[in-house]
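Structure, as structure tokens:
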Amino acid sequence: MTVTRRQLLVLGAGAAAGATGLTGCGSRSSLGAADQLSMWTWVGSVNDTLIGQAEQAIPGAIGKRLSMTRIGGDYKTKVLTALAGKSLVPDIIAINDDVATYFPNADQFHDLNELGADKLKGDFLDWKWKLGITPDGKMMAYPMDTGPTALFYRRDLFEKAGVPTEPADVAAAAPDWDGFIQLGKKVKQAVPGSAITDNITSVFDYAIAQLPKRFMSPEGQYLGDGDHIKQAWELSIRVVKEGLSANAQSGSTDANAVVTNGQLVAYVGAVWWAQLGPKNAAPKTKGQWRVCATPGGAGNRGGSFLAITKYCKDPQAAFAFISWLESAKNQAEAFKDPVLFPSTPASYTDPRLTAPDPFFGGQRIVDVFADAAKKYPGAYFSPYDTIIRSPIAAELVNVEVAGKSSDQAWRDAQTQIHRELTRAGAI
């Protein structure tokens with residue numbers, strides 16, 4: 001099944017109108033006073049110190065200052081509401097890793113190459129840069145952070161199990177997912193009840209996060225029933241059948257509990273999980289965690305972008321701001337708080353990143369994540385990825401929680417995906 005450019009545009013218009021119920025044009029106006037550049041983002045997406053500087057005066061943009069609003073609730077719906085109404089739209093918006101779902105609305109954003117972005121391309125990871133480019137070559141979104149992956153593990157519990165404990169040795173013992181499963185089984189023999197994932201969908205998502213292709217091709221061909229997706233599906237189910245999943249579903253209180261109580265002895269996760277997982281849920285385990293290379297190869301999950309809307313009062317000033325905010329120096333500052341991993345390789349040798357992390361026993365964890373960020377192959381993200389992933393994730397949960405047949409769950413997921421893609425006009 002192939003998605004045409006026309007269908008892509010229809011999807012974008014429908015998504016925006018559907019989110020708001022607005023179909024009129026409205027006035028083409030941006031938010032804020034004449035000397036202000038308005039920006040929308042969400043909590044935890046930017047460094048407060050840097051934003052504070054820009055709120056006084058934007059570096060490189062004489063006479064301009066930033067006015068930033070953190071949007072609570074459904075951020076994406078709020079943005080689509082503004083775009084659909086074409087009124088009171090912010091000058092700058094932050095976009096999460098679902099950047100491709102905004103491509104159908106690309107006509108409402110500036111081509112950043114026309115503002116000078118092409119001169120800065122070499123400062124960024126190539127795969128990250130490409131994610132902000134629309135299918136027809138428009139540079140719509142500017143790179144912010146990334147989400148390189150690693151294998152997190154409890155060194156003390158690995159030692160108790162008599163398996164390798166040092167990062168290089170653990171990576172050698174688990175070079176792929178099969179090796180990781182075998183390692184997990186050994187640990188479980190010595191530490192009864194231990195798990196190497198919180199739930200079945202985590203395995204699937206992180207396996208997909210390593211692949212050079214995902215759910216659709218750049219030409220619009222559906223790939224969600226391909227061998228690479230089926231293999232990730234079967235891997236997820238195997239981890240459950242081996243008894244290595246904690247069955248703590250995303251969004252439940254159990255998700256933190258399995259970290260707090262030590263049941264989760266290892267986990268393939270993105271760099272941000274260090275803060276959301278062990279540092280938040282198990283602060284008393286400080287010094288006991290380590291990280292090493294991800295079994296099966298480098299992956300990436302997460303990372304954000306900045307875009308300048310067509311309603312912007314001063315696009316050049318807006319670009320001066322986003323290029324300043326996302327410079328290698330300032331991305332290193334944003335790694336300190338709120339722990340955003342840079343998309344600028346020059347940041348990886350900055351002392352603010354290379355300092356030993358006491359929570360991880362003094363390990364320089366940046367070395368592991370930087371290596372993953374540079375080795376990640378990159379993949380095409382389509383506007384339909386969420387539509388495709390949701391039925392797969394739901395059916396995987398049915399397998400783990402309700403004991404549903406894997407074959408039946410796979411068939412049901414594909415049927416639902418076909419229905420949803422048809423409804424979206426993709427097929």
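Ligands are numbered from 1 in the order shown, chains are lettered A, B, ... in the order of the structure tokens, and residues start at 1 in each chain.
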Write out as a CSV table (one decimal) with N, CA, C and O atoms, in the first residue's frame which residues come within 10 Å of region 320-324 of chain A when counting only C-alpha atoms, dropping same-chain ones fewer than 2 positions away.
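Saved the output as result.csv:
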chain,number,residue,atom,x,y,z
A,37,LEU,N,9.3,37.3,20.8
A,37,LEU,CA,9.1,36.1,20.0
A,37,LEU,C,8.5,35.1,20.9
A,37,LEU,O,9.1,34.7,22.0
A,50,LEU,N,19.1,29.1,30.3
A,50,LEU,CA,19.2,29.6,28.9
A,50,LEU,C,18.0,30.4,28.5
A,50,LEU,O,18.1,31.4,27.9
A,51,ILE,N,16.8,29.8,28.8
A,51,ILE,CA,15.6,30.5,28.5
A,51,ILE,C,15.5,31.8,29.2
A,51,ILE,O,15.0,32.8,28.7
A,54,ALA,N,17.4,34.4,27.3
A,54,ALA,CA,16.7,34.9,26.1
A,54,ALA,C,15.4,35.7,26.4
A,54,ALA,O,15.0,36.5,25.6
A,57,ALA,N,17.0,39.1,26.6
A,57,ALA,CA,17.4,39.6,25.3
A,57,ALA,C,17.9,38.3,24.5
A,57,ALA,O,18.7,37.6,25.0
A,58,ILE,N,17.4,38.2,23.3
A,58,ILE,CA,17.8,37.0,22.5
A,58,ILE,C,19.2,37.3,21.9
A,58,ILE,O,19.4,38.3,21.1
A,59,PRO,N,20.2,36.5,22.1
A,59,PRO,CA,21.6,36.7,21.5
A,59,PRO,C,21.5,36.7,20.0
A,59,PRO,O,20.9,35.8,19.4
A,60,GLY,N,22.1,37.7,19.4
A,60,GLY,CA,22.1,37.8,17.9
A,60,GLY,C,20.9,38.4,17.3
A,60,GLY,O,20.7,38.4,16.1
A,61,ALA,N,19.9,38.8,18.1
A,61,ALA,CA,18.7,39.4,17.6
A,61,ALA,C,18.4,40.7,18.4
A,61,ALA,O,17.7,40.7,19.4
A,64,LYS,N,15.1,42.1,20.5
A,64,LYS,CA,14.1,41.0,20.6
A,64,LYS,C,14.3,40.2,21.9
A,64,LYS,O,15.5,40.0,22.3
A,65,ARG,N,13.2,39.8,22.5
A,65,ARG,CA,13.3,38.9,23.6
A,65,ARG,C,12.3,37.8,23.5
A,65,ARG,O,11.3,37.9,22.7
A,66,LEU,N,12.5,36.8,24.3
A,66,LEU,CA,11.7,35.6,24.2
A,66,LEU,C,10.5,35.6,25.2
A,66,LEU,O,10.7,36.1,26.3
A,92,ILE,N,7.5,30.3,17.5
A,92,ILE,CA,8.3,29.1,17.5
A,92,ILE,C,7.6,28.0,18.3
A,92,ILE,O,7.0,28.3,19.3
A,115,LEU,N,16.8,30.3,6.0
A,115,LEU,CA,17.2,31.2,7.1
A,115,LEU,C,18.6,31.0,7.5
A,115,LEU,O,19.1,31.6,8.4
A,116,GLY,N,19.3,30.0,6.9
A,116,GLY,CA,20.7,29.7,7.1
A,116,GLY,C,21.0,28.4,7.8
A,116,GLY,O,22.2,28.2,8.2
A,117,ALA,N,20.0,27.5,8.0
A,117,ALA,CA,20.3,26.3,8.7
A,117,ALA,C,21.3,25.4,7.9
A,117,ALA,O,22.1,24.7,8.6
A,120,LEU,N,24.8,25.2,9.1
A,120,LEU,CA,25.1,24.6,10.4
A,120,LEU,C,24.9,23.1,10.4
A,120,LEU,O,25.1,22.4,11.4
A,142,TYR,N,14.3,22.0,13.4
A,142,TYR,CA,15.7,22.1,13.8
A,142,TYR,C,16.0,21.1,15.0
A,142,TYR,O,15.2,21.1,15.9
A,143,PRO,N,17.1,20.4,14.9
A,143,PRO,CA,17.4,19.4,16.0
A,143,PRO,C,17.6,20.0,17.4
A,143,PRO,O,18.2,21.0,17.6
A,144,MET,N,17.0,19.3,18.3
A,144,MET,CA,17.2,19.6,19.7
A,144,MET,C,18.0,18.4,20.3
A,144,MET,O,19.1,18.1,19.8
A,305,PHE,N,12.6,18.8,18.5
A,305,PHE,CA,12.9,19.7,17.5
A,305,PHE,C,12.3,21.1,17.8
A,305,PHE,O,11.4,21.2,18.6
A,306,LEU,N,12.8,22.1,17.0
A,306,LEU,CA,12.2,23.4,17.1
A,306,LEU,C,11.8,23.8,15.6
A,306,LEU,O,12.5,23.5,14.7
A,307,ALA,N,10.6,24.5,15.5
A,307,ALA,CA,10.2,24.9,14.2
A,307,ALA,C,9.7,26.3,14.3
A,307,ALA,O,9.2,26.8,15.3
A,308,ILE,N,9.9,27.1,13.2
A,308,ILE,CA,9.4,28.5,13.1
A,308,ILE,C,8.2,28.6,12.2
A,308,ILE,O,8.2,28.2,11.1
A,315,PRO,N,11.3,36.1,11.4
A,315,PRO,CA,11.9,34.7,11.2
A,315,PRO,C,13.5,34.7,11.4
A,315,PRO,O,14.0,33.8,12.0
A,316,GLN,N,14.2,35.8,11.0
A,316,GLN,CA,15.6,35.8,11.2
A,316,GLN,C,16.0,35.8,12.7
A,316,GLN,O,16.9,35.2,13.1
A,317,ALA,N,15.2,36.6,13.4
A,317,ALA,CA,15.5,36.7,14.9
A,317,ALA,C,15.2,35.3,15.5
A,317,ALA,O,15.9,34.9,16.4
A,318,ALA,N,14.1,34.7,15.1
A,318,ALA,CA,13.7,33.4,15.6
A,318,ALA,C,14.8,32.4,15.3
A,318,ALA,O,15.1,31.5,16.2
A,326,GLU,N,20.5,25.8,20.5
A,326,GLU,CA,20.9,24.4,20.2
A,326,GLU,C,22.4,24.3,19.7
A,326,GLU,O,22.7,23.4,19.1
A,327,SER,N,23.2,25.3,20.1
A,327,SER,CA,24.6,25.2,19.8
A,327,SER,C,25.2,24.1,20.7
A,327,SER,O,24.6,23.7,21.7
A,328,ALA,N,26.4,23.7,20.3
A,328,ALA,CA,27.0,22.6,21.1
A,328,ALA,C,27.2,23.0,22.5
A,328,ALA,O,27.0,22.2,23.5
A,329,LYS,N,27.6,24.2,22.8
A,329,LYS,CA,27.9,24.7,24.1
A,329,LYS,C,26.6,24.7,24.9
A,329,LYS,O,26.6,24.3,26.1
A,330,ASN,N,25.5,25.2,24.3
A,330,ASN,CA,24.2,25.2,25.1
A,330,ASN,C,23.6,23.9,25.2
A,330,ASN,O,22.8,23.6,26.2
A,331,GLN,N,23.8,23.0,24.3
A,331,GLN,CA,23.2,21.7,24.4
A,331,GLN,C,23.9,20.9,25.6
A,331,GLN,O,23.3,20.1,26.3
Residues within 12 Å of Ala207 (chain A), only C-alpha atoms, excluding chain neighbours under 4 positions, as a ChimeraX atom specification: /A:149-150,176-177,200-203,211-214,228-236,268-270,294-301
N, CA and C atoms of the current selection, written as an mmCIF file, in the first residue's frame:
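Resulting contents of out-v2.cif:
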data_model
loop_
_atom_site.group_PDB
_atom_site.id
_atom_site.type_symbol
_atom_site.label_atom_id
_atom_site.label_comp_id
_atom_site.auth_asym_id
_atom_site.auth_seq_id
_atom_site.Cartn_x
_atom_site.Cartn_y
_atom_site.Cartn_z
ATOM 1 N N THR A 149 20.305 4.793 23.079
ATOM 2 C CA THR A 149 19.980 3.725 24.020
ATOM 3 C C THR A 149 21.220 3.037 24.574
ATOM 4 N N ALA A 150 21.018 2.328 25.674
ATOM 5 C CA ALA A 150 22.077 1.537 26.303
ATOM 6 C C ALA A 150 21.417 0.446 27.133
ATOM 7 N N ASP A 176 23.960 -9.417 21.509
ATOM 8 C CA ASP A 176 22.681 -9.380 20.800
ATOM 9 C C ASP A 176 21.570 -9.729 21.790
ATOM 10 N N TRP A 177 20.335 -9.704 21.309
ATOM 11 C CA TRP A 177 19.209 -9.960 22.206
ATOM 12 C C TRP A 177 19.210 -11.394 22.726
ATOM 13 N N ILE A 200 6.260 -6.177 27.924
ATOM 14 C CA ILE A 200 6.458 -6.700 26.576
ATOM 15 C C ILE A 200 6.634 -5.611 25.521
ATOM 16 N N THR A 201 5.920 -4.493 25.678
ATOM 17 C CA THR A 201 6.007 -3.451 24.660
ATOM 18 C C THR A 201 7.346 -2.719 24.708
ATOM 19 N N SER A 202 7.995 -2.689 25.853
ATOM 20 C CA SER A 202 9.315 -2.057 25.936
ATOM 21 C C SER A 202 10.321 -2.789 25.050
ATOM 22 N N VAL A 203 10.281 -4.120 25.093
ATOM 23 C CA VAL A 203 11.187 -4.894 24.243
ATOM 24 C C VAL A 203 10.921 -4.577 22.774
ATOM 25 N N LEU A 211 16.453 -0.353 14.328
ATOM 26 C CA LEU A 211 16.369 -0.766 12.932
ATOM 27 C C LEU A 211 16.534 0.389 11.952
ATOM 28 N N PRO A 212 17.059 0.108 10.769
ATOM 29 C CA PRO A 212 17.201 1.146 9.738
ATOM 30 C C PRO A 212 15.911 1.411 8.975
ATOM 31 N N LYS A 213 14.868 0.631 9.248
ATOM 32 C CA LYS A 213 13.550 0.907 8.679
ATOM 33 C C LYS A 213 12.502 0.556 9.716
ATOM 34 N N ARG A 214 11.334 1.219 9.579
ATOM 35 C CA ARG A 214 10.304 1.066 10.597
ATOM 36 C C ARG A 214 8.993 0.591 9.962
ATOM 37 N N HIS A 228 10.961 -7.671 9.493
ATOM 38 C CA HIS A 228 11.689 -6.966 10.555
ATOM 39 C C HIS A 228 10.755 -6.608 11.720
ATOM 40 N N ILE A 229 9.495 -6.296 11.414
ATOM 41 C CA ILE A 229 8.528 -6.001 12.481
ATOM 42 C C ILE A 229 8.104 -7.299 13.173
ATOM 43 N N LYS A 230 7.893 -8.343 12.399
ATOM 44 C CA LYS A 230 7.485 -9.628 12.971
ATOM 45 C C LYS A 230 8.587 -10.186 13.880
ATOM 46 N N GLN A 231 9.839 -9.999 13.513
ATOM 47 C CA GLN A 231 10.938 -10.477 14.352
ATOM 48 C C GLN A 231 10.972 -9.738 15.686
ATOM 49 N N ALA A 232 10.721 -8.420 15.663
ATOM 50 C CA ALA A 232 10.667 -7.653 16.910
ATOM 51 C C ALA A 232 9.490 -8.114 17.763
ATOM 52 N N TRP A 233 8.379 -8.439 17.106
ATOM 53 C CA TRP A 233 7.192 -8.982 17.788
ATOM 54 C C TRP A 233 7.535 -10.304 18.472
ATOM 55 N N GLU A 234 8.160 -11.200 17.747
ATOM 56 C CA GLU A 234 8.486 -12.520 18.291
ATOM 57 C C GLU A 234 9.528 -12.436 19.396
ATOM 58 N N LEU A 235 10.474 -11.512 19.273
ATOM 59 C CA LEU A 235 11.453 -11.303 20.336
ATOM 60 C C LEU A 235 10.750 -10.884 21.622
ATOM 61 N N SER A 236 9.810 -9.962 21.507
ATOM 62 C CA SER A 236 9.079 -9.482 22.682
ATOM 63 C C SER A 236 8.351 -10.616 23.384
ATOM 64 N N VAL A 268 16.953 -2.375 28.749
ATOM 65 C CA VAL A 268 17.374 -1.617 27.577
ATOM 66 C C VAL A 268 16.528 -0.358 27.537
ATOM 67 N N GLY A 269 17.175 0.798 27.643
ATOM 68 C CA GLY A 269 16.429 2.057 27.696
ATOM 69 C C GLY A 269 17.195 3.196 27.072
ATOM 70 N N ALA A 270 16.493 4.289 26.818
ATOM 71 C CA ALA A 270 17.120 5.495 26.284
ATOM 72 C C ALA A 270 17.794 6.269 27.411
ATOM 73 N N THR A 294 24.031 -1.388 23.877
ATOM 74 C CA THR A 294 22.757 -2.097 23.735
ATOM 75 C C THR A 294 22.927 -3.416 22.993
ATOM 76 N N PRO A 295 22.384 -4.506 23.489
ATOM 77 C CA PRO A 295 22.404 -5.771 22.739
ATOM 78 C C PRO A 295 21.739 -5.580 21.367
ATOM 79 N N GLY A 296 22.413 -6.026 20.335
ATOM 80 C CA GLY A 296 21.823 -5.924 19.004
ATOM 81 C C GLY A 296 22.161 -4.667 18.247
ATOM 82 N N GLY A 297 22.891 -3.735 18.854
ATOM 83 C CA GLY A 297 23.311 -2.539 18.137
ATOM 84 C C GLY A 297 22.699 -1.255 18.659
ATOM 85 N N ALA A 298 23.278 -0.150 18.224
ATOM 86 C CA ALA A 298 22.859 1.176 18.685
ATOM 87 C C ALA A 298 21.424 1.484 18.275
ATOM 88 N N GLY A 299 20.725 2.163 19.155
ATOM 89 C CA GLY A 299 19.356 2.572 18.859
ATOM 90 C C GLY A 299 19.110 3.982 19.354
ATOM 91 N N ASN A 300 17.959 4.509 19.024
ATOM 92 C CA ASN A 300 17.562 5.836 19.501
ATOM 93 C C ASN A 300 16.056 5.855 19.708
ATOM 94 N N ARG A 301 15.644 6.390 20.846
ATOM 95 C CA ARG A 301 14.219 6.535 21.132
ATOM 96 C C ARG A 301 13.991 7.870 21.824
#
Point-to-point distance from CA of Glu333 (chain A) to CA of Thr49 (chain A), Å rounded to tenths: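 Separation between CA of Glu333 (chain A) and CA of Thr49 (chain A): 8.9 Å.
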DSSP strand (DSSP E or B) residues within region 131-342 of chain A, as an NGL selection string: :A and (133 or 139 or 142-143 or 145-146 or 148-154 or 195 or 197 or 216 or 222 or 245 or 264 or 266-270 or 289-292 or 300 or 305-309 or 341-342)
Coordinates-based distance that separates CA of Ile71 (chain A) from CA of Ala106 (chain A) (Å, one decimal):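 Taking CA of Ala106 (chain A) as the start and CA of Ile71 (chain A) as the end point, the length is 21.4 Å.
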Pick from A:Ser390, A:Gln416, A:Ser347, A:Gln288 nearest to Phe360 (chain A), counting only C-alpha atoms: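 Smallest separation from Phe360 (chain A) among the options: A:Gln288.
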Helix (DSSP H, G or I) residues, from DSSP on the backbone, in region 176-419 of chain A, as a ChimeraX atom specification: /A:177-190,200-208,227-241,254-260,273-281,283-285,315-325,328-336,345-349,351-354,358-360,365-375,385-402,406-419
